[in-house]
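Presented below is the structure to which this report refers.
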Amino acid sequence: MDIFDRISANRGPLGSHSHYAHGYFTFPKLEGEIGPHMTFRGRKMLNWSLNNYIGLANHPEVRRVDAEAAAEYGMALPMGARMMSGNSNLHEQLEDELSDFVQKPATCLLNFGYQGVVSIIDALSSRHDVIVYDAESHACIIDGVRLHAGKRFVYRHNDMASLEKQLTAAKRITDENGGGILVITEGVFGMSGNQGDLRGVIALKEKFNFRLFVDDAHGFGTMGATGAGTGEAQDAQDGIDLYFSTFAKSMASIGAFVSGPESVIEYLRYNMRSQIFAKSLPMPLVVGALKRLELLRNHPELRENLWTIVHAIQGGLREKGFNIGTTTSPVTPVLLEGEIPDATQITLDLRENHGIFCSIVVYPVVPKGVIMLRIIPTAMHTLADVQETITAFEAVQDKLSKGLYSKTTAVPEAV
């Protein structure tokens with residue numbers, strides 16, 4: 001069958017809905033200044049869908065430094081991959097400052113988080129190695145594991161008994177072939193808001209002699225006494241062998257980094273194909289990241305403001321009887337019972353009648369019969385925003401429980 005004919009006939013689980021979803025449920029266009037209140041299809045919305053956790057996206061110092069760096073350097077410099085012609089003192093300064101912040105000996109900058117994780121896994125593991133990873137790992141981890149030529153095992157989410165069982169199987173293999181074991185988990189899981197049980201994983205190291213790689217995209221900047229991440233929050237940073245985070249969340253930018261032992265970081269620097277064959281991070285992004293890291297380090301009130309909103313919305317939702325799972329991070333899932341048609345109508349109702357914009361998640365990301373409204377609190381939200389949202393959710397829950405959404409078939413008009 002012709003490849004294009006096959007694609008046209010089967011557009012995939014999400015693409016099959018694009019004829020009515022595009023522009024509203026998928027690929028929506030939020031306009032205006034980044035913040036809690038933005039415009040969607042000409043209407044002002046209270047927005048809970050941006051990972052601008054500590055409010056740096058429109059911080060005046062960040063905007064100033066971004067503009068000055070763009071004017072001074074342009075978006076092209078440095079021109080080339082870092083290994084060939086794209087290195088600079090500022091790139092290395094940012095790496096050094098990140099190392100100090102996350103308490104690791106060395107750091108390597110990455111152009112993007114997703115491709116960085118895929119490339120780290122690919123560079124680290126040989127065909128004799130075994131990868132063991134959490135069942136709820138992010139798609140970038142799954143894609144990295146798919147590239148692995150050796151064995152891989154998945155353990156039930158945060159289940160240490162399941163992990164030990166998979167490690168036993170992994171050790172049996174590596175004892176025979178001389179390979180090693182790499183365990184991969186996340187600091188904060190982006191859908192459930194659960195923290196990875198880092199201390200539980202680390203406790204198994206002595207018995208199974210593995211290395212631990214942690215993706216802390218949602219934990220960096222939000223978790224821990226200084227914002228250094230989930231490892232700091234759990235007093236487990238020393239047990240993390242490779243620590244990864246992206247700039248796309250708390251740093252409100254583009255780029256990422258991986259930190260760990262000097263010898264391992266040096267190896268990755270020379271062997272991560274997605275980095276050695278890609279153009280270096282543009283100078284304005286590097287200068288901007290330095291400013292963002294400075295603000296993250298020196299202004300704890302930003303993180304404190306975030307947690308004020310987190311406690312208010314999570315406590316308020318629980319008080320009203322909503323199921324928000326077992327989140328222990330800013331990520332706030334609101335779990336409702338219903339099917340995909342219900343989810344469609346809930347989204348319409350929230351946006352059209354209540355002016356609330358939040359991400360909505362359905363099967364296969366969550367089990368059938370579950371609708372997740374995913375709330376991302378930020379330091380820029382207010383307690384009034386929290387109360388407005390809880391009131392709207394109460395109205396939605398009432399309609400859902402009465403079966404009113406299942407009797408409605410309205411869909412948004414195309415624009």
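In the structure tokens, chains take letters A, B, ... by order of appearance, with residues numbered from 1 within each chain and ligands from 1 in the order shown.
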Residues at most 10 Å from range 217-225 of chain A, counting only C-alpha atoms, excluding those fewer than 6 positions away in the same chain, as a ChimeraX atom specification?
/A:51,53-54,102,113,186-190,193,195,231-235,243-251,256,293,296-297,300,302-304,306-307,328-331,378
Create the file for the chosen residues now, containing N, CA and C atoms and written as a compact mmCIF listing (two decimals), in the first residue's frame.
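Generated output (part.txt):
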# COMPACT_ATOMS: atom_id res chain seq x y z
N ASN A 51 2.80 26.09 31.51
CA ASN A 51 3.78 25.64 32.50
C ASN A 51 4.70 26.77 32.97
N TYR A 53 5.42 28.15 35.65
CA TYR A 53 5.19 27.92 37.07
C TYR A 53 5.48 29.13 37.96
N ILE A 54 6.66 29.70 37.83
CA ILE A 54 7.00 30.78 38.77
C ILE A 54 6.90 32.17 38.13
N VAL A 102 22.08 22.58 40.98
CA VAL A 102 21.49 21.25 41.20
C VAL A 102 22.47 20.31 41.91
N GLY A 113 14.46 19.66 25.34
CA GLY A 113 14.30 18.62 26.33
C GLY A 113 13.97 17.27 25.74
N GLU A 186 10.84 9.75 36.79
CA GLU A 186 10.68 11.20 36.76
C GLU A 186 10.64 11.75 38.17
N GLY A 187 11.02 13.01 38.31
CA GLY A 187 10.91 13.66 39.60
C GLY A 187 9.46 13.97 39.91
N VAL A 188 8.78 14.64 38.97
CA VAL A 188 7.35 14.89 39.06
C VAL A 188 6.72 14.40 37.77
N PHE A 189 5.69 13.57 37.89
CA PHE A 189 5.00 13.06 36.72
C PHE A 189 3.96 14.09 36.28
N GLY A 190 4.05 14.48 35.00
CA GLY A 190 3.33 15.64 34.51
C GLY A 190 1.83 15.51 34.40
N GLY A 193 0.86 14.42 38.72
CA GLY A 193 1.44 15.29 39.74
C GLY A 193 2.16 14.53 40.83
N GLN A 195 5.09 12.62 42.75
CA GLN A 195 6.54 12.60 42.72
C GLN A 195 7.01 11.16 42.51
N GLY A 231 14.74 15.90 43.77
CA GLY A 231 15.79 15.25 44.54
C GLY A 231 16.09 16.03 45.81
N GLU A 232 16.14 17.35 45.69
CA GLU A 232 16.34 18.19 46.88
C GLU A 232 15.15 18.06 47.82
N ALA A 233 13.94 18.04 47.28
CA ALA A 233 12.74 17.94 48.11
C ALA A 233 12.72 16.64 48.91
N GLN A 234 13.24 15.58 48.33
CA GLN A 234 13.25 14.28 49.01
C GLN A 234 14.58 13.97 49.70
N ASP A 235 15.48 14.96 49.72
CA ASP A 235 16.82 14.75 50.29
C ASP A 235 17.48 13.54 49.64
N TYR A 243 20.87 13.88 36.32
CA TYR A 243 19.72 14.74 36.58
C TYR A 243 19.44 15.56 35.34
N PHE A 244 18.20 15.50 34.87
CA PHE A 244 17.81 16.22 33.66
C PHE A 244 16.66 17.18 33.95
N SER A 245 16.68 18.33 33.30
CA SER A 245 15.48 19.18 33.27
C SER A 245 15.48 20.01 32.00
N THR A 246 14.32 20.55 31.72
CA THR A 246 14.13 21.41 30.56
C THR A 246 13.98 22.85 31.00
N PHE A 247 14.22 23.78 30.08
CA PHE A 247 13.96 25.20 30.34
C PHE A 247 12.51 25.58 30.02
N ALA A 248 11.74 24.63 29.50
CA ALA A 248 10.40 24.93 28.97
C ALA A 248 9.34 25.03 30.05
N LYS A 249 9.68 24.80 31.31
CA LYS A 249 8.70 24.86 32.38
C LYS A 249 9.00 26.09 33.27
N SER A 250 9.65 25.89 34.39
CA SER A 250 9.90 27.01 35.30
C SER A 250 10.73 28.12 34.68
N MET A 251 11.61 27.77 33.75
CA MET A 251 12.48 28.78 33.14
C MET A 251 11.78 29.53 32.00
N ALA A 256 17.50 22.84 27.51
CA ALA A 256 17.47 21.86 28.58
C ALA A 256 18.90 21.61 29.04
N LEU A 293 17.81 31.86 35.70
CA LEU A 293 18.39 31.09 36.80
C LEU A 293 18.74 32.01 37.97
N LEU A 296 15.51 32.68 39.74
CA LEU A 296 15.07 31.49 40.44
C LEU A 296 15.85 31.31 41.75
N ARG A 297 17.15 31.58 41.70
CA ARG A 297 18.01 31.44 42.89
C ARG A 297 17.73 32.51 43.93
N PRO A 300 13.11 33.71 46.15
CA PRO A 300 12.28 32.59 46.61
C PRO A 300 10.80 32.95 46.71
N LEU A 302 8.96 34.07 44.48
CA LEU A 302 8.27 33.61 43.28
C LEU A 302 7.75 32.19 43.50
N ARG A 303 8.61 31.33 44.01
CA ARG A 303 8.23 29.95 44.30
C ARG A 303 7.21 29.90 45.44
N GLU A 304 7.36 30.79 46.42
CA GLU A 304 6.40 30.84 47.52
C GLU A 304 5.02 31.25 47.03
N LEU A 306 3.84 30.68 44.05
CA LEU A 306 3.32 29.50 43.36
C LEU A 306 2.65 28.56 44.36
N TRP A 307 3.34 28.25 45.45
CA TRP A 307 2.81 27.28 46.40
C TRP A 307 1.60 27.81 47.16
N THR A 328 1.44 15.51 44.68
CA THR A 328 2.25 16.14 45.73
C THR A 328 3.14 17.21 45.11
N SER A 329 2.65 17.81 44.04
CA SER A 329 3.39 18.83 43.29
C SER A 329 2.39 19.88 42.81
N PRO A 330 2.85 20.91 42.13
CA PRO A 330 1.90 21.89 41.59
C PRO A 330 0.92 21.32 40.56
N VAL A 331 1.30 20.30 39.83
CA VAL A 331 0.41 19.71 38.83
C VAL A 331 -0.87 19.22 39.52
N THR A 378 0.21 28.78 38.73
CA THR A 378 1.44 29.55 38.59
C THR A 378 1.49 30.63 39.66
8 Å contact set for Arg351 in chain A, only C-alpha atoms, chain neighbours under 5 positions out, as a short mmCIF file (atom, residue, chain, number, x, y, z; two decimals) with C-alpha atoms, in the first residue's frame:
data_model
loop_
_atom_site.label_atom_id
_atom_site.label_comp_id
_atom_site.auth_asym_id
_atom_site.auth_seq_id
_atom_site.Cartn_x
_atom_site.Cartn_y
_atom_site.Cartn_z
CA MET A 45 -10.06 33.37 29.39
CA ILE A 356 -12.05 28.91 31.94
CA PHE A 357 -9.30 27.47 29.72
#
Rank A:Gly255, A:Gly32, A:Gly179, A:Gly338 by their smallest atom-to-atom distance to Val286 in chain A, using only C-alpha atoms, and report the top residue only.
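Looking only at the distances to Val286 in chain A, the closest residue turns out to be A:Gly255.
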With a distance cut-off of 10 Å and only C-alpha atoms, select the neighbouring residues of range 266-270 of chain A, excluding the residue or stretch itself and same-chain residues fewer than 4 positions from it, and output the selection as a ChimeraX atom specification.
/A:82-83,106-110,119-124,258,260-262,275-276
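Considering only C-alpha atoms, the residue among A:Pro367, A:Gly227, A:Gly15, A:Gly196 positioned nearest to Ile240 in chain A is A:Gly196.
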Could you give me, as a PyMOL selection string, the residues within 9 Å of Arg292 in chain A, counting only C-alpha atoms and dropping anything in the same chain fewer than 2 positions from it?
chain A and resi 56+61-62+250-253+287-290+294-297
Any chance you could export the current selection's C-alpha atoms as a PDB file, in the first residue's frame?
ATOM      1  CA  LEU A  56       9.166  34.212  34.524  1.00  0.00           C
ATOM      2  CA  GLU A  61      13.817  41.677  34.012  1.00  0.00           C
ATOM      3  CA  VAL A  62      13.497  38.622  31.774  1.00  0.00           C
ATOM      4  CA  SER A 250       9.896  27.009  35.304  1.00  0.00           C
ATOM      5  CA  MET A 251      12.485  28.782  33.137  1.00  0.00           C
ATOM      6  CA  ALA A 252       9.839  29.727  30.540  1.00  0.00           C
ATOM      7  CA  SER A 253      12.220  29.373  27.608  1.00  0.00           C
ATOM      8  CA  VAL A 287      21.812  34.922  28.190  1.00  0.00           C
ATOM      9  CA  GLY A 288      18.107  34.736  28.966  1.00  0.00           C
ATOM     10  CA  ALA A 289      18.579  31.427  30.784  1.00  0.00           C
ATOM     11  CA  LEU A 290      21.317  32.962  32.930  1.00  0.00           C
ATOM     12  CA  GLU A 294      19.503  34.168  38.731  1.00  0.00           C
ATOM     13  CA  LEU A 295      15.875  35.065  39.484  1.00  0.00           C
ATOM     14  CA  LEU A 296      15.073  31.486  40.440  1.00  0.00           C
ATOM     15  CA  ARG A 297      18.008  31.436  42.890  1.00  0.00           C
TER      16      ARG A 297
END
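Proximity to Leu400 in chain A at 9 Å, evaluated using only C-alpha atoms and with sequence-adjacent residues fewer than 3 positions away removed, yields Leu336, Glu337, Gly338, Asp342, Ile346, Ala395, Val396, Gln397, Gly403, Leu404, Tyr405 and Ser406 of chain A.
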Would you output that residue set with all heavy atoms, as an mmCIF file, in the first residue's frame?
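To be explicit, this is the file written out as result35.cif:
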data_model
loop_
_atom_site.group_PDB
_atom_site.id
_atom_site.type_symbol
_atom_site.label_atom_id
_atom_site.label_comp_id
_atom_site.auth_asym_id
_atom_site.auth_seq_id
_atom_site.Cartn_x
_atom_site.Cartn_y
_atom_site.Cartn_z
ATOM 1 N N LEU A 336 -12.799 13.308 36.743
ATOM 2 C CA LEU A 336 -14.247 13.177 36.653
ATOM 3 C C LEU A 336 -14.596 11.867 35.968
ATOM 4 O O LEU A 336 -13.757 11.273 35.277
ATOM 5 C CB LEU A 336 -14.841 14.353 35.860
ATOM 6 C CG LEU A 336 -14.470 15.767 36.327
ATOM 7 C CD1 LEU A 336 -15.009 16.794 35.344
ATOM 8 C CD2 LEU A 336 -14.986 16.037 37.733
ATOM 9 N N GLU A 337 -15.833 11.425 36.122
ATOM 10 C CA GLU A 337 -16.295 10.214 35.451
ATOM 11 C C GLU A 337 -17.119 10.589 34.229
ATOM 12 O O GLU A 337 -18.081 11.356 34.337
ATOM 13 C CB GLU A 337 -17.128 9.360 36.412
ATOM 14 C CG GLU A 337 -16.350 8.810 37.586
ATOM 15 C CD GLU A 337 -17.211 7.949 38.493
ATOM 16 O OE1 GLU A 337 -18.387 7.724 38.146
ATOM 17 O OE2 GLU A 337 -16.704 7.504 39.544
ATOM 18 N N GLY A 338 -16.752 10.065 33.082
ATOM 19 C CA GLY A 338 -17.480 10.372 31.853
ATOM 20 C C GLY A 338 -16.755 9.841 30.643
ATOM 21 O O GLY A 338 -15.640 9.315 30.740
ATOM 22 N N ASP A 342 -18.746 13.520 26.708
ATOM 23 C CA ASP A 342 -18.896 14.370 27.893
ATOM 24 C C ASP A 342 -17.734 15.347 27.993
ATOM 25 O O ASP A 342 -17.923 16.528 28.312
ATOM 26 C CB ASP A 342 -18.944 13.515 29.165
ATOM 27 C CG ASP A 342 -20.139 12.586 29.220
ATOM 28 O OD1 ASP A 342 -21.255 13.047 28.935
ATOM 29 O OD2 ASP A 342 -19.945 11.410 29.538
ATOM 30 N N ILE A 346 -17.905 19.363 28.290
ATOM 31 C CA ILE A 346 -17.325 20.038 29.449
ATOM 32 C C ILE A 346 -16.371 21.135 29.002
ATOM 33 O O ILE A 346 -16.387 22.257 29.530
ATOM 34 C CB ILE A 346 -16.602 19.023 30.353
ATOM 35 C CG1 ILE A 346 -17.615 18.129 31.066
ATOM 36 C CG2 ILE A 346 -15.715 19.733 31.375
ATOM 37 C CD1 ILE A 346 -16.987 16.960 31.796
ATOM 38 N N ALA A 395 -20.163 23.817 38.994
ATOM 39 C CA ALA A 395 -21.280 23.863 38.047
ATOM 40 C C ALA A 395 -21.159 22.755 37.005
ATOM 41 O O ALA A 395 -22.150 22.104 36.637
ATOM 42 C CB ALA A 395 -21.320 25.233 37.370
ATOM 43 N N VAL A 396 -19.952 22.534 36.534
ATOM 44 C CA VAL A 396 -19.707 21.476 35.549
ATOM 45 C C VAL A 396 -19.988 20.103 36.146
ATOM 46 O O VAL A 396 -20.629 19.244 35.517
ATOM 47 C CB VAL A 396 -18.250 21.572 35.031
ATOM 48 C CG1 VAL A 396 -17.837 20.293 34.315
ATOM 49 C CG2 VAL A 396 -18.089 22.769 34.100
ATOM 50 N N GLN A 397 -19.512 19.865 37.351
ATOM 51 C CA GLN A 397 -19.729 18.581 38.012
ATOM 52 C C GLN A 397 -21.226 18.321 38.203
ATOM 53 O O GLN A 397 -21.699 17.190 38.033
ATOM 54 C CB GLN A 397 -19.013 18.568 39.359
ATOM 55 C CG GLN A 397 -19.273 17.322 40.192
ATOM 56 C CD GLN A 397 -18.705 16.068 39.571
ATOM 57 O OE1 GLN A 397 -17.515 15.809 39.616
ATOM 58 N NE2 GLN A 397 -19.569 15.264 38.955
ATOM 59 N N GLY A 403 -26.283 14.073 33.956
ATOM 60 C CA GLY A 403 -26.340 13.521 32.610
ATOM 61 C C GLY A 403 -26.684 14.530 31.538
ATOM 62 O O GLY A 403 -27.067 14.150 30.417
ATOM 63 N N LEU A 404 -26.544 15.827 31.847
ATOM 64 C CA LEU A 404 -26.941 16.853 30.878
ATOM 65 C C LEU A 404 -25.995 16.928 29.675
ATOM 66 O O LEU A 404 -26.427 17.238 28.563
ATOM 67 C CB LEU A 404 -27.008 18.221 31.573
ATOM 68 C CG LEU A 404 -28.026 18.328 32.714
ATOM 69 C CD1 LEU A 404 -28.006 19.730 33.312
ATOM 70 C CD2 LEU A 404 -29.424 17.989 32.211
ATOM 71 N N TYR A 405 -24.723 16.638 29.896
ATOM 72 C CA TYR A 405 -23.780 16.737 28.779
ATOM 73 C C TYR A 405 -24.021 15.660 27.731
ATOM 74 O O TYR A 405 -23.838 15.888 26.535
ATOM 75 C CB TYR A 405 -22.340 16.650 29.294
ATOM 76 C CG TYR A 405 -21.905 17.857 30.076
ATOM 77 C CD1 TYR A 405 -21.404 17.727 31.369
ATOM 78 C CD2 TYR A 405 -21.978 19.137 29.531
ATOM 79 C CE1 TYR A 405 -20.992 18.830 32.099
ATOM 80 C CE2 TYR A 405 -21.576 20.253 30.256
ATOM 81 C CZ TYR A 405 -21.090 20.091 31.541
ATOM 82 O OH TYR A 405 -20.691 21.192 32.249
ATOM 83 N N SER A 406 -24.424 14.473 28.167
ATOM 84 C CA SER A 406 -24.641 13.376 27.218
ATOM 85 C C SER A 406 -25.832 13.644 26.305
ATOM 86 O O SER A 406 -25.992 12.975 25.282
ATOM 87 C CB SER A 406 -24.850 12.058 27.971
ATOM 88 O OG SER A 406 -25.976 12.148 28.825
#
Please provide as a list in words all residues within 10 Å of Lys29 in chain A, with the sequence filter that same-chain residues fewer than 4 positions apart are discarded (counting only C-alpha atoms).
Gly23, Tyr24, Met38, Thr39, Phe40 and Arg41 of chain A
Which of A:Arg211, A:Ser18, A:Leu204, A:Phe257 sits closest to Val117 in chain A [using only C-alpha atoms]:
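Of all the options, A:Phe257 lies closest to Val117 in chain A.
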I need the residues in range 19-256 of chain A that are helix (DSSP H, G or I) according to DSSP; give them as a ChimeraX atom specification.
/A:19-21,60-73,89-102,113-124,139-146,160-177,198-202,205-208,230-233,237-239
Separation of CA of Ile313 in chain A and CA of Met372 in chain A, in Å?
15.6 Å
Quick check, in Å to one decimal: how far apart do CA of Val154 in chain A and CA of Val361 in chain A lie?
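Rounded to one decimal, the two atoms are 23.1 Å apart.
The list of residues with at least one atom within 9 Å of Lys279 in chain A, based on only C-alpha atoms and without residues fewer than 6 positions apart in the same chain, reads A:Pro78, A:Met79, A:Gly80, A:Ala81, A:Arg82, A:Gly86, A:Asn111.
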Looking at A:Arg146, A:His381, A:His299, A:Arg199, which one is nearest to Asp238 in chain A, with distances taken over only C-alpha atoms?
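Comparing A:Arg146, A:His381, A:His299, A:Arg199 against Asp238 in chain A, the winner is A:Arg199.
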note - CA of Pro36 in chain A and CA of Glu136 in chain A are separated by 28.4 Å
Determine which residues of range 16-160 of chain A receive a DSSP assignment of strand (DSSP E), computed from the backbone, and state them as number ranges by chain.
A: 30-31, 37-40, 43-47, 106-110, 130-134, 152-155
